file upload.pdb (PDB, C-alpha atoms, pLDDT in the B column)
ATOM      1  CA  MET A   1    -101.703 -74.366  81.606  1.00 67.00           C
ATOM      2  CA  HIS A   2    -102.524 -76.286  78.425  1.00 81.00           C
ATOM      3  CA  LEU A   3    -105.590 -75.553  76.334  1.00 86.00           C
ATOM      4  CA  ARG A   4    -105.561 -79.067  74.895  1.00 91.00           C
ATOM      5  CA  ASP A   5    -104.209 -82.206  76.488  1.00 94.00           C
ATOM      6  CA  ASP A   6    -104.913 -84.646  73.671  1.00 97.00           C
ATOM      7  CA  LYS A   7    -102.277 -83.915  70.987  1.00 98.00           C
ATOM      8  CA  PHE A   8     -99.024 -85.826  70.565  1.00 98.00           C
ATOM      9  CA  MET A   9     -96.276 -86.371  68.038  1.00 98.00           C
ATOM     10  CA  VAL A  10     -93.767 -89.198  67.645  1.00 98.00           C
ATOM     11  CA  SER A  11     -90.354 -87.703  66.828  1.00 98.00           C
ATOM     12  CA  CYS A  12     -87.988 -90.364  65.555  1.00 98.00           C
ATOM     13  CA  ALA A  13     -85.374 -91.373  63.040  1.00 97.00           C
ATOM     14  CA  ALA A  14     -86.086 -93.915  60.334  1.00 96.00           C
ATOM     15  CA  ARG A  15     -85.822 -97.562  61.407  1.00 95.00           C
ATOM     16  CA  SER A  16     -86.291 -96.717  65.072  1.00 96.00           C
ATOM     17  CA  GLY A  17     -89.452 -98.819  65.446  1.00 95.00           C
ATOM     18  CA  SER A  18     -91.971 -96.043  64.827  1.00 96.00           C
ATOM     19  CA  THR A  19     -94.254 -98.155  62.626  1.00 95.00           C
ATOM     20  CA  MET A  20     -94.551-100.703  65.400  1.00 95.00           C
ATOM     21  CA  LEU A  21     -95.065 -98.003  68.041  1.00 97.00           C
ATOM     22  CA  CYS A  22     -97.850 -96.339  66.057  1.00 97.00           C
ATOM     23  CA  SER A  23     -99.473 -99.729  65.508  1.00 97.00           C
ATOM     24  CA  LEU A  24     -99.393-100.380  69.262  1.00 97.00           C
ATOM     25  CA  ILE A  25    -100.962 -96.987  69.991  1.00 98.00           C
ATOM     26  CA  ARG A  26    -103.693 -97.632  67.404  1.00 97.00           C
ATOM     27  CA  SER A  27    -104.656-100.814  69.219  1.00 97.00           C
ATOM     28  CA  HIS A  28    -105.944 -98.671  72.102  1.00 98.00           C
ATOM     29  CA  PRO A  29    -109.631 -97.695  71.653  1.00 98.00           C
ATOM     30  CA  GLN A  30    -109.013 -94.249  73.193  1.00 98.00           C
ATOM     31  CA  ALA A  31    -106.219 -93.270  70.783  1.00 98.00           C
ATOM     32  CA  ILE A  32    -105.785 -92.219  67.157  1.00 98.00           C
ATOM     33  CA  CYS A  33    -102.285 -92.378  65.669  1.00 98.00           C
ATOM     34  CA  HIS A  34    -101.663 -91.328  62.080  1.00 98.00           C
ATOM     35  CA  GLY A  35     -98.542 -92.182  60.126  1.00 97.00           C
ATOM     36  CA  GLU A  36     -96.151 -89.854  58.296  1.00 97.00           C
ATOM     37  CA  VAL A  37     -98.876 -87.466  57.208  1.00 97.00           C
ATOM     38  CA  LEU A  38     -96.494 -84.619  56.358  1.00 97.00           C
ATOM     39  CA  ALA A  39     -93.890 -86.480  54.328  1.00 95.00           C
ATOM     40  CA  GLN A  40     -95.598 -89.280  52.408  1.00 95.00           C
ATOM     41  CA  GLU A  41     -97.148 -88.616  49.004  1.00 94.00           C
ATOM     42  CA  GLN A  42    -100.595 -89.722  50.205  1.00 94.00           C
ATOM     43  CA  PRO A  43    -101.078 -88.747  53.868  1.00 95.00           C
ATOM     44  CA  PRO A  44    -101.631 -92.015  55.808  1.00 96.00           C
ATOM     45  CA  VAL A  45    -104.452 -90.775  58.037  1.00 96.00           C
ATOM     46  CA  SER A  46    -106.352 -93.041  60.407  1.00 96.00           C
ATOM     47  CA  GLY A  47    -109.890 -93.240  61.728  1.00 95.00           C
ATOM     48  CA  ILE A  48    -112.784 -91.807  59.754  1.00 96.00           C
ATOM     49  CA  TYR A  49    -110.467 -90.077  57.283  1.00 96.00           C
ATOM     50  CA  GLY A  50    -108.557 -93.277  56.590  1.00 95.00           C
ATOM     51  CA  ARG A  51    -111.745 -95.243  56.001  1.00 94.00           C
ATOM     52  CA  LYS A  52    -113.017 -92.606  53.584  1.00 94.00           C
ATOM     53  CA  LEU A  53    -109.702 -92.589  51.709  1.00 92.00           C
ATOM     54  CA  LYS A  54    -110.014 -96.296  50.985  1.00 91.00           C
ATOM     55  CA  GLY A  55    -113.376 -95.911  49.302  1.00 86.00           C
ATOM     56  CA  ASP A  56    -113.059 -92.509  47.631  1.00 93.00           C
ATOM     57  CA  PRO A  57    -109.990 -91.670  45.490  1.00 91.00           C
ATOM     58  CA  GLU A  58    -111.268 -88.115  44.992  1.00 95.00           C
ATOM     59  CA  PHE A  59    -111.271 -87.591  48.764  1.00 95.00           C
ATOM     60  CA  GLY A  60    -107.651 -88.707  48.814  1.00 94.00           C
ATOM     61  CA  ARG A  61    -106.752 -86.164  46.155  1.00 95.00           C
ATOM     62  CA  LEU A  62    -108.462 -83.387  48.116  1.00 96.00           C
ATOM     63  CA  VAL A  63    -106.728 -84.355  51.363  1.00 96.00           C
ATOM     64  CA  ARG A  64    -103.353 -84.346  49.611  1.00 96.00           C
ATOM     65  CA  GLN A  65    -104.073 -80.976  48.022  1.00 97.00           C
ATOM     66  CA  TYR A  66    -105.203 -79.509  51.353  1.00 97.00           C
ATOM     67  CA  ARG A  67    -102.011 -80.756  53.032  1.00 97.00           C
ATOM     68  CA  ASN A  68     -99.783 -79.359  50.294  1.00 96.00           C
ATOM     69  CA  GLU A  69    -101.478 -75.960  50.023  1.00 96.00           C
ATOM     70  CA  GLN A  70    -102.427 -75.315  53.650  1.00 97.00           C
ATOM     71  CA  PRO A  71    -100.284 -77.571  55.867  1.00 96.00           C
ATOM     72  CA  GLN A  72    -101.057 -75.761  59.122  1.00 96.00           C
ATOM     73  CA  ARG A  73    -104.814 -75.996  58.632  1.00 97.00           C
ATOM     74  CA  PHE A  74    -104.421 -79.626  57.538  1.00 98.00           C
ATOM     75  CA  LEU A  75    -102.524 -80.322  60.752  1.00 98.00           C
ATOM     76  CA  TYR A  76    -105.224 -78.908  63.022  1.00 97.00           C
ATOM     77  CA  ASP A  77    -108.369 -79.652  60.999  1.00 97.00           C
ATOM     78  CA  ILE A  78    -107.594 -83.252  60.093  1.00 97.00           C
ATOM     79  CA  VAL A  79    -104.499 -84.626  61.826  1.00 98.00           C
ATOM     80  CA  PHE A  80    -105.360 -83.258  65.275  1.00 98.00           C
ATOM     81  CA  ASP A  81    -109.083 -83.972  64.990  1.00 98.00           C
ATOM     82  CA  PRO A  82    -109.570 -86.355  67.956  1.00 97.00           C
ATOM     83  CA  GLN A  83    -112.620 -88.003  66.347  1.00 97.00           C
ATOM     84  CA  GLY A  84    -114.083 -88.668  69.793  1.00 97.00           C
ATOM     85  CA  HIS A  85    -110.855 -90.149  71.197  1.00 98.00           C
ATOM     86  CA  ARG A  86    -108.831 -89.044  74.219  1.00 98.00           C
ATOM     87  CA  CYS A  87    -105.636 -88.484  72.264  1.00 98.00           C
ATOM     88  CA  VAL A  88    -104.573 -88.041  68.676  1.00 98.00           C
ATOM     89  CA  GLY A  89    -101.169 -87.776  67.080  1.00 98.00           C
ATOM     90  CA  PHE A  90     -98.830 -88.618  64.214  1.00 98.00           C
ATOM     91  CA  LYS A  91     -95.185 -89.291  63.530  1.00 98.00           C
ATOM     92  CA  PHE A  92     -92.681 -86.853  62.092  1.00 98.00           C
ATOM     93  CA  LYS A  93     -89.288 -88.344  61.334  1.00 97.00           C
ATOM     94  CA  THR A  94     -86.173 -86.324  62.009  1.00 97.00           C
ATOM     95  CA  ASP A  95     -85.047 -87.467  58.545  1.00 95.00           C
ATOM     96  CA  GLU A  96     -87.600 -85.002  57.133  1.00 95.00           C
ATOM     97  CA  ALA A  97     -88.299 -82.600  60.011  1.00 96.00           C
ATOM     98  CA  PHE A  98     -85.158 -80.515  59.470  1.00 96.00           C
ATOM     99  CA  GLN A  99     -85.423 -80.288  55.707  1.00 96.00           C
ATOM    100  CA  PRO A 100     -86.041 -76.738  54.365  1.00 96.00           C
ATOM    101  CA  ARG A 101     -89.422 -77.681  52.861  1.00 95.00           C
ATOM    102  CA  PHE A 102     -90.773 -78.425  56.345  1.00 97.00           C
ATOM    103  CA  LYS A 103     -89.448 -75.258  58.008  1.00 96.00           C
ATOM    104  CA  ALA A 104     -92.850 -73.557  58.379  1.00 95.00           C
ATOM    105  CA  ILE A 105     -94.678 -76.575  59.775  1.00 96.00           C
ATOM    106  CA  ARG A 106     -91.701 -77.384  62.016  1.00 96.00           C
ATOM    107  CA  GLU A 107     -91.966 -73.903  63.524  1.00 96.00           C
ATOM    108  CA  VAL A 108     -95.714 -74.347  64.055  1.00 97.00           C
ATOM    109  CA  ILE A 109     -95.158 -77.610  65.925  1.00 97.00           C
ATOM    110  CA  SER A 110     -92.333 -76.128  67.970  1.00 97.00           C
ATOM    111  CA  ALA A 111     -94.491 -73.146  68.979  1.00 96.00           C
ATOM    112  CA  ASP A 112     -97.490 -75.247  70.056  1.00 97.00           C
ATOM    113  CA  LYS A 113     -96.531 -76.374  73.559  1.00 97.00           C
ATOM    114  CA  ASP A 114     -99.794 -78.313  73.854  1.00 97.00           C
ATOM    115  CA  ILE A 115     -98.291 -81.013  71.636  1.00 98.00           C
ATOM    116  CA  LYS A 116     -96.757 -83.797  73.696  1.00 98.00           C
ATOM    117  CA  ILE A 117     -93.561 -85.189  72.158  1.00 98.00           C
ATOM    118  CA  ILE A 118     -92.629 -88.856  72.204  1.00 98.00           C
ATOM    119  CA  HIS A 119     -88.908 -89.120  71.420  1.00 98.00           C
ATOM    120  CA  LEU A 120     -88.446 -92.643  70.075  1.00 98.00           C
ATOM    121  CA  ILE A 121     -84.867 -93.890  69.976  1.00 98.00           C
ATOM    122  CA  ARG A 122     -83.093 -97.142  69.300  1.00 97.00           C
ATOM    123  CA  ARG A 123     -80.249 -97.941  71.672  1.00 96.00           C
ATOM    124  CA  ASN A 124     -78.641-100.502  69.407  1.00 96.00           C
ATOM    125  CA  LEU A 125     -77.278 -98.326  66.610  1.00 97.00           C
ATOM    126  CA  ILE A 126     -75.804-101.284  64.739  1.00 96.00           C
ATOM    127  CA  ASP A 127     -79.240-102.882  64.565  1.00 95.00           C
ATOM    128  CA  GLN A 128     -80.699 -99.601  63.341  1.00 96.00           C
ATOM    129  CA  TYR A 129     -78.086 -99.332  60.594  1.00 97.00           C
ATOM    130  CA  VAL A 130     -78.571-102.951  59.570  1.00 96.00           C
ATOM    131  CA  SER A 131     -82.322-102.373  59.437  1.00 94.00           C
ATOM    132  CA  HIS A 132     -81.733 -99.680  56.799  1.00 94.00           C
ATOM    133  CA  ARG A 133     -79.649-102.098  54.748  1.00 94.00           C
ATOM    134  CA  VAL A 134     -82.318-104.800  55.020  1.00 93.00           C
ATOM    135  CA  VAL A 135     -84.914-102.374  53.652  1.00 93.00           C
ATOM    136  CA  GLU A 136     -82.561-101.634  50.750  1.00 93.00           C
ATOM    137  CA  GLN A 137     -82.286-105.369  50.034  1.00 92.00           C
ATOM    138  CA  THR A 138     -85.952-106.271  50.368  1.00 93.00           C
ATOM    139  CA  GLY A 139     -87.993-103.102  49.896  1.00 92.00           C
ATOM    140  CA  LEU A 140     -89.897-104.152  53.030  1.00 91.00           C
ATOM    141  CA  THR A 141     -90.239-102.111  56.217  1.00 88.00           C
ATOM    142  CA  PHE A 142     -92.241-104.680  58.206  1.00 88.00           C
ATOM    143  CA  LEU A 143     -93.964-108.053  57.930  1.00 92.00           C
ATOM    144  CA  ARG A 144     -97.458-109.246  58.706  1.00 90.00           C
ATOM    145  CA  PRO A 145     -98.085-112.819  59.934  1.00 90.00           C
ATOM    146  CA  SER A 146     -99.289-113.865  56.464  1.00 91.00           C
ATOM    147  CA  ASP A 147     -96.167-112.543  54.702  1.00 91.00           C
ATOM    148  CA  ASP A 148     -93.297-114.771  53.597  1.00 89.00           C
ATOM    149  CA  ARG A 149     -89.928-113.949  55.086  1.00 87.00           C
ATOM    150  CA  PRO A 150     -87.534-112.638  52.424  1.00 90.00           C
ATOM    151  CA  GLN A 151     -84.210-114.220  51.541  1.00 89.00           C
ATOM    152  CA  LEU A 152     -81.461-112.021  52.972  1.00 92.00           C
ATOM    153  CA  VAL A 153     -77.798-111.828  52.048  1.00 93.00           C
ATOM    154  CA  PRO A 154     -75.262-110.994  54.801  1.00 95.00           C
ATOM    155  CA  PHE A 155     -72.924-108.116  53.986  1.00 96.00           C
ATOM    156  CA  ARG A 156     -69.824-106.237  55.096  1.00 97.00           C
ATOM    157  CA  VAL A 157     -70.387-102.792  56.599  1.00 97.00           C
ATOM    158  CA  ASP A 158     -68.382 -99.869  55.267  1.00 97.00           C
ATOM    159  CA  ILE A 159     -67.006 -98.409  58.508  1.00 97.00           C
ATOM    160  CA  ASP A 160     -66.757 -94.805  57.276  1.00 97.00           C
ATOM    161  CA  HIS A 161     -70.350 -94.938  56.044  1.00 97.00           C
ATOM    162  CA  PHE A 162     -71.522 -96.435  59.332  1.00 97.00           C
ATOM    163  CA  ILE A 163     -69.781 -93.780  61.463  1.00 97.00           C
ATOM    164  CA  ALA A 164     -71.165 -90.988  59.252  1.00 97.00           C
ATOM    165  CA  TYR A 165     -74.623 -92.528  59.694  1.00 97.00           C
ATOM    166  CA  VAL A 166     -74.287 -92.616  63.494  1.00 97.00           C
ATOM    167  CA  THR A 167     -73.001 -89.034  63.594  1.00 97.00           C
ATOM    168  CA  ASP A 168     -75.899 -87.738  61.515  1.00 97.00           C
ATOM    169  CA  LEU A 169     -78.426 -89.756  63.535  1.00 97.00           C
ATOM    170  CA  LYS A 170     -77.160 -88.374  66.848  1.00 97.00           C
ATOM    171  CA  GLU A 171     -77.047 -84.800  65.574  1.00 97.00           C
ATOM    172  CA  ARG A 172     -80.658 -84.940  64.374  1.00 97.00           C
ATOM    173  CA  GLN A 173     -81.738 -86.594  67.596  1.00 97.00           C
ATOM    174  CA  GLN A 174     -80.154 -83.804  69.634  1.00 97.00           C
ATOM    175  CA  ALA A 175     -81.642 -81.155  67.329  1.00 97.00           C
ATOM    176  CA  ALA A 176     -85.113 -82.601  67.949  1.00 98.00           C
ATOM    177  CA  HIS A 177     -84.625 -82.550  71.719  1.00 98.00           C
ATOM    178  CA  ASP A 178     -83.472 -78.920  71.492  1.00 98.00           C
ATOM    179  CA  LEU A 179     -86.362 -77.925  69.226  1.00 97.00           C
ATOM    180  CA  TYR A 180     -89.016 -79.397  71.525  1.00 97.00           C
ATOM    181  CA  ARG A 181     -87.276 -78.721  74.831  1.00 97.00           C
ATOM    182  CA  ASP A 182     -90.235 -76.736  76.229  1.00 96.00           C
ATOM    183  CA  HIS A 183     -92.796 -79.422  75.375  1.00 97.00           C
ATOM    184  CA  ARG A 184     -93.980 -82.177  77.661  1.00 97.00           C
ATOM    185  CA  SER A 185     -91.935 -85.116  76.458  1.00 98.00           C
ATOM    186  CA  LEU A 186     -91.293 -88.805  76.946  1.00 98.00           C
ATOM    187  CA  VAL A 187     -88.220 -90.689  75.741  1.00 98.00           C
ATOM    188  CA  LEU A 188     -88.975 -94.254  74.653  1.00 98.00           C
ATOM    189  CA  ALA A 189     -86.482 -96.845  73.453  1.00 98.00           C
ATOM    190  CA  TYR A 190     -87.546 -99.396  70.868  1.00 96.00           C
ATOM    191  CA  GLU A 191     -85.848-102.119  72.896  1.00 96.00           C
ATOM    192  CA  ASP A 192     -88.157-101.323  75.829  1.00 97.00           C
ATOM    193  CA  ILE A 193     -91.441-101.232  73.941  1.00 95.00           C
ATOM    194  CA  VAL A 194     -90.827-104.757  72.612  1.00 92.00           C
ATOM    195  CA  ALA A 195     -89.469-106.198  75.893  1.00 93.00           C
ATOM    196  CA  PRO A 196     -92.052-108.504  77.569  1.00 88.00           C
ATOM    197  CA  GLN A 197     -91.509-107.304  81.152  1.00 87.00           C
ATOM    198  CA  SER A 198     -90.925-103.609  80.420  1.00 93.00           C
ATOM    199  CA  SER A 199     -93.113-100.857  81.877  1.00 96.00           C
ATOM    200  CA  ALA A 200     -92.508 -98.653  78.817  1.00 97.00           C
ATOM    201  CA  LEU A 201     -95.987 -99.110  77.344  1.00 97.00           C
ATOM    202  CA  ASP A 202     -97.569 -98.348  80.723  1.00 97.00           C
ATOM    203  CA  ASP A 203     -95.493 -95.161  80.895  1.00 98.00           C
ATOM    204  CA  LEU A 204     -96.598 -94.305  77.365  1.00 98.00           C
ATOM    205  CA  GLN A 205    -100.296 -94.660  78.172  1.00 98.00           C
ATOM    206  CA  ALA A 206     -99.948 -92.571  81.314  1.00 98.00           C
ATOM    207  CA  PHE A 207     -98.158 -89.884  79.284  1.00 98.00           C
ATOM    208  CA  LEU A 208    -100.940 -89.855  76.680  1.00 98.00           C
ATOM    209  CA  GLY A 209    -103.660 -89.723  79.325  1.00 97.00           C
ATOM    210  CA  ILE A 210    -105.383 -92.946  78.292  1.00 98.00           C
ATOM    211  CA  ASP A 211    -106.420 -95.912  80.400  1.00 98.00           C
ATOM    212  CA  ARG A 212    -103.804 -98.583  80.958  1.00 97.00           C
ATOM    213  CA  ARG A 213    -104.424-101.764  78.999  1.00 97.00           C
ATOM    214  CA  PRO A 214    -102.427-104.342  77.003  1.00 96.00           C
ATOM    215  CA  LEU A 215    -101.373-103.017  73.593  1.00 97.00           C
ATOM    216  CA  SER A 216    -100.836-105.275  70.604  1.00 95.00           C
ATOM    217  CA  THR A 217     -99.654-105.179  66.993  1.00 95.00           C
ATOM    218  CA  PRO A 218     -99.836-107.628  64.091  1.00 94.00           C
ATOM    219  CA  LEU A 219     -96.460-106.425  62.778  1.00 93.00           C
ATOM    220  CA  LEU A 220     -93.352-108.608  62.873  1.00 90.00           C
ATOM    221  CA  LYS A 221     -89.642-107.934  62.557  1.00 87.00           C
ATOM    222  CA  ILE A 222     -88.182-108.855  59.179  1.00 88.00           C
ATOM    223  CA  ILE A 223     -85.275-110.723  60.812  1.00 84.00           C
ATOM    224  CA  GLY A 224     -84.772-111.945  64.341  1.00 80.00           C
ATOM    225  CA  ASN A 225     -81.136-110.952  64.855  1.00 85.00           C
ATOM    226  CA  ASN A 226     -79.822-108.035  62.823  1.00 85.00           C
ATOM    227  CA  SER A 227     -76.216-108.677  63.903  1.00 84.00           C
ATOM    228  CA  GLU A 228     -76.194-111.982  62.026  1.00 90.00           C
ATOM    229  CA  MET A 229     -76.370-109.967  58.799  1.00 95.00           C
ATOM    230  CA  VAL A 230     -72.995-108.271  59.410  1.00 97.00           C
ATOM    231  CA  LEU A 231     -69.919-110.140  58.239  1.00 97.00           C
ATOM    232  CA  ASN A 232     -67.457-107.763  59.943  1.00 97.00           C
ATOM    233  CA  LEU A 233     -69.439-107.298  63.163  1.00 96.00           C
ATOM    234  CA  LYS A 234     -66.353-107.195  65.423  1.00 96.00           C
ATOM    235  CA  GLU A 235     -64.881-104.356  63.355  1.00 97.00           C
ATOM    236  CA  VAL A 236     -68.173-102.431  63.418  1.00 97.00           C
ATOM    237  CA  ARG A 237     -68.502-102.798  67.187  1.00 96.00           C
ATOM    238  CA  ALA A 238     -64.943-101.556  67.688  1.00 97.00           C
ATOM    239  CA  ALA A 239     -65.571 -98.534  65.461  1.00 97.00           C
ATOM    240  CA  LEU A 240     -68.767 -97.680  67.341  1.00 97.00           C
ATOM    241  CA  ALA A 241     -67.040 -98.007  70.701  1.00 96.00           C
ATOM    242  CA  GLY A 242     -64.278 -95.699  69.481  1.00 95.00           C
ATOM    243  CA  LYS A 243     -66.832 -93.185  68.229  1.00 91.00           C
ATOM    244  CA  GLN A 244     -68.704 -93.195  71.530  1.00 86.00           C
ATOM    245  CA  SER A 245     -65.495 -92.886  73.542  1.00 79.00           C
ATOM    246  CA  SER A 246     -64.350 -89.952  71.401  1.00 71.00           C
ATOM    247  CA  THR A 247     -67.714 -88.221  71.848  1.00 67.00           C
ATOM    248  CA  HIS A 248     -67.644 -88.760  75.614  1.00 54.00           C
ATOM    249  CA  ASN A 249     -64.107 -87.366  75.911  1.00 57.00           C
ATOM    250  CA  GLY A 250     -65.073 -84.353  73.814  1.00 58.00           C
ATOM    251  CA  GLN A 251     -68.069 -83.635  76.025  1.00 53.00           C
ATOM    252  CA  GLN A 252     -65.910 -83.847  79.131  1.00 50.00           C
ATOM    253  CA  ALA A 253     -63.365 -81.443  77.638  1.00 48.00           C
ATOM    254  CA  GLU A 254     -66.146 -79.019  76.714  1.00 47.00           C
ATOM    255  CA  ALA A 255     -67.547 -79.185  80.248  1.00 44.00           C
ATOM    256  CA  ARG A 256     -64.116 -78.449  81.733  1.00 46.00           C
ATOM    257  CA  SER A 257     -63.657 -75.455  79.442  1.00 42.00           C
ATOM    258  CA  LEU A 258     -67.031 -74.068  80.541  1.00 35.00           C
ATOM    259  CA  GLU A 259     -66.052 -74.465  84.192  1.00 48.00           C
ATOM    260  CA  VAL A 260     -62.868 -72.470  83.569  1.00 42.00           C
TER     261      VAL A 260
END

call {"tool": "encode", "arguments": {"input": "upload.pdb", "output": "structure tokens"}}
result
Amino acid sequence: MHLRDDKFMVSCAARSGSTMLCSLIRSHPQAICHGEVLAQEQPPVSGIYGRKLKGDPEFGRLVRQYRNEQPQRFLYDIVFDPQGHRCVGFKFKTDEAFQPRFKAIREVISADKDIKIIHLIRRNLIDQYVSHRVVEQTGLTFLRPSDDRPQLVPFRVDIDHFIAYVTDLKERQQAAHDLYRDHRSLVLAYEDIVAPQSSALDDLQAFLGIDRRPLSTPLLKIIGNNSEMVLNLKEVRAALAGKQSSTHNGQQAEARSLEV
């Protein structure tokens, strides 16, 4: 039994497509989706709170103070205020979720089994890594149709850095699944939510309990093909394949030891 059926959270790593996903959810008239309200300096709230923030700097200061001093009350009074909608949620990146400063609020979210969890992943880990590097080059996380595309410089990937990145990403992803294992959850892949013939967005709307309809976003990818940015792509692919093979063999060995 769930006392509320309208709360959700997007759990994701950086550069997994969460900005686009939240934009798609916001395009539905029955949904409210805030941004990174716990981690950003000024909580990017949507709906009536977002509109008031734009016109009243003092309101923004008070919201920020409320979040910093009473994060649990902020979460339930403002973030999870449905504002007349069928569902309301926000995103909480695994990059921040497991930091010590978020321990208390992380425990609150974990304990509230009414919160539905959307686990957003990106299957193509090379693209995800390259996306980080593109942000470092440009300072941009997304484009709007009116924006000029930036000039990008292809680069060589440091293999050790890339493998460390993948290891950390996978560990945090698994930690999030473990933390929210008793919640109702849906795993979405970025590649599916942007695929024209995918049913992923239909599955998402059914999970959130909102009517099925086409979802849209004005946001664009910064580059069309991330792999074109990597000068040593063959070497990176080989390193990733070796990492995945090693992980698979280790899991098999662990399973055999448990059987014994």

call {"tool": "residues_around", "arguments": {"input": "upload.pdb", "residues": "segment 127-130 of chain A", "least_positions_apart": "3", "cutoff": "12 Å", "atoms": "only C-alpha atoms", "output": "PyMOL selection string"}}
result
chain A and resi 12-18+121-124+133-137+152-159+161-169+189-191+221-231+233+236-237+240

call {"tool": "closest_atom_pairs", "arguments": {"input": "upload.pdb", "of": "segment 3-70 of chain A", "to": "segment 97-117 of chain A", "cutoff": "12 Å", "atoms": "only C-alpha atoms", "output": "JSON lines"}}
result
{"residue": "A:Leu3", "atom": "CA", "partner": "A:Asp114", "partner_atom": "CA", "distance": 6.9}
{"residue": "A:Arg4", "atom": "CA", "partner": "A:Asp114", "partner_atom": "CA", "distance": 5.9}
{"residue": "A:Asp5", "atom": "CA", "partner": "A:Asp114", "partner_atom": "CA", "distance": 6.4}
{"residue": "A:Asp6", "atom": "CA", "partner": "A:Ile115", "partner_atom": "CA", "distance": 7.8}
{"residue": "A:Lys7", "atom": "CA", "partner": "A:Ile115", "partner_atom": "CA", "distance": 5.0}
{"residue": "A:Phe8", "atom": "CA", "partner": "A:Lys116", "partner_atom": "CA", "distance": 4.4}
{"residue": "A:Met9", "atom": "CA", "partner": "A:Ile117", "partner_atom": "CA", "distance": 5.1}
{"residue": "A:Val10", "atom": "CA", "partner": "A:Ile117", "partner_atom": "CA", "distance": 6.0}
{"residue": "A:Ser11", "atom": "CA", "partner": "A:Ile117", "partner_atom": "CA", "distance": 6.7}
{"residue": "A:Cys12", "atom": "CA", "partner": "A:Ala97", "partner_atom": "CA", "distance": 9.5}
{"residue": "A:Ala13", "atom": "CA", "partner": "A:Ala97", "partner_atom": "CA", "distance": 9.7}
{"residue": "A:Ala14", "atom": "CA", "partner": "A:Ala97", "partner_atom": "CA", "distance": 11.5}
{"residue": "A:Glu36", "atom": "CA", "partner": "A:Ala97", "partner_atom": "CA", "distance": 10.8}
{"residue": "A:Val37", "atom": "CA", "partner": "A:Ile105", "partner_atom": "CA", "distance": 12.0}
{"residue": "A:Leu38", "atom": "CA", "partner": "A:Phe102", "partner_atom": "CA", "distance": 8.4}
{"residue": "A:Ala39", "atom": "CA", "partner": "A:Ala97", "partner_atom": "CA", "distance": 8.9}
{"residue": "A:Arg67", "atom": "CA", "partner": "A:Ile105", "partner_atom": "CA", "distance": 10.8}
{"residue": "A:Asn68", "atom": "CA", "partner": "A:Arg101", "partner_atom": "CA", "distance": 10.8}
{"residue": "A:Glu69", "atom": "CA", "partner": "A:Ile105", "partner_atom": "CA", "distance": 11.9}
{"residue": "A:Gln70", "atom": "CA", "partner": "A:Ile105", "partner_atom": "CA", "distance": 10.0}

call {"tool": "closest_residue", "arguments": {"input": "upload.pdb", "among": "A:Leu204, A:Leu143, A:Ala176, A:Val63", "to": "Asp77 of chain A", "atoms": "all atoms listed in the file"}}
result
A:Val63

call {"tool": "atom_distance", "arguments": {"input": "upload.pdb", "atom1": "atom CA of Leu125 of chain A", "atom2": "atom CA of Val187 of chain A"}}
result
16.2 Å

call {"tool": "atom_distance", "arguments": {"input": "upload.pdb", "atom1": "atom CA of Asp178 of chain A", "atom2": "atom CA of Arg26 of chain A"}}
result
27.9 Å

call {"tool": "atom_distance", "arguments": {"input": "upload.pdb", "atom1": "atom CA of Val79 of chain A", "atom2": "atom CA of Leu219 of chain A"}}
result
23.3 Å

call {"tool": "resolve_selection", "arguments": {"input": "upload.pdb", "expression": "the PyMOL selection byres ((chain A and resi 43) around 12)", "output": "PyMOL selection string"}}
result
chain A and resi 34-42+44-46+49-50+53+59-68+71+74-75+78-79+90-92

call {"tool": "closest_residue", "arguments": {"input": "upload.pdb", "among": "A:Ile193, A:Ala241, A:Leu186, A:Leu21", "to": "Ala206 of chain A", "atoms": "only C-alpha atoms"}}
result
A:Leu186

call {"tool": "residues_around", "arguments": {"input": "upload.pdb", "residues": "Phe207 of chain A", "least_positions_apart": "2", "cutoff": "9 Å", "atoms": "all atoms listed in the file", "output": "short mmCIF file (atom, residue, chain, number, x, y, z; two decimals) with C-alpha atoms, keeping the file's coordinate frame"}}
result
data_model
loop_
_atom_site.label_atom_id
_atom_site.label_comp_id
_atom_site.auth_asym_id
_atom_site.auth_seq_id
_atom_site.Cartn_x
_atom_site.Cartn_y
_atom_site.Cartn_z
CA LYS A 116 -96.76 -83.80 73.70
CA ARG A 184 -93.98 -82.18 77.66
CA SER A 185 -91.94 -85.12 76.46
CA LEU A 186 -91.29 -88.80 76.95
CA ASP A 202 -97.57 -98.35 80.72
CA ASP A 203 -95.49 -95.16 80.90
CA LEU A 204 -96.60 -94.30 77.36
CA GLN A 205 -100.30 -94.66 78.17
CA GLY A 209 -103.66 -89.72 79.32
CA ILE A 210 -105.38 -92.95 78.29
#
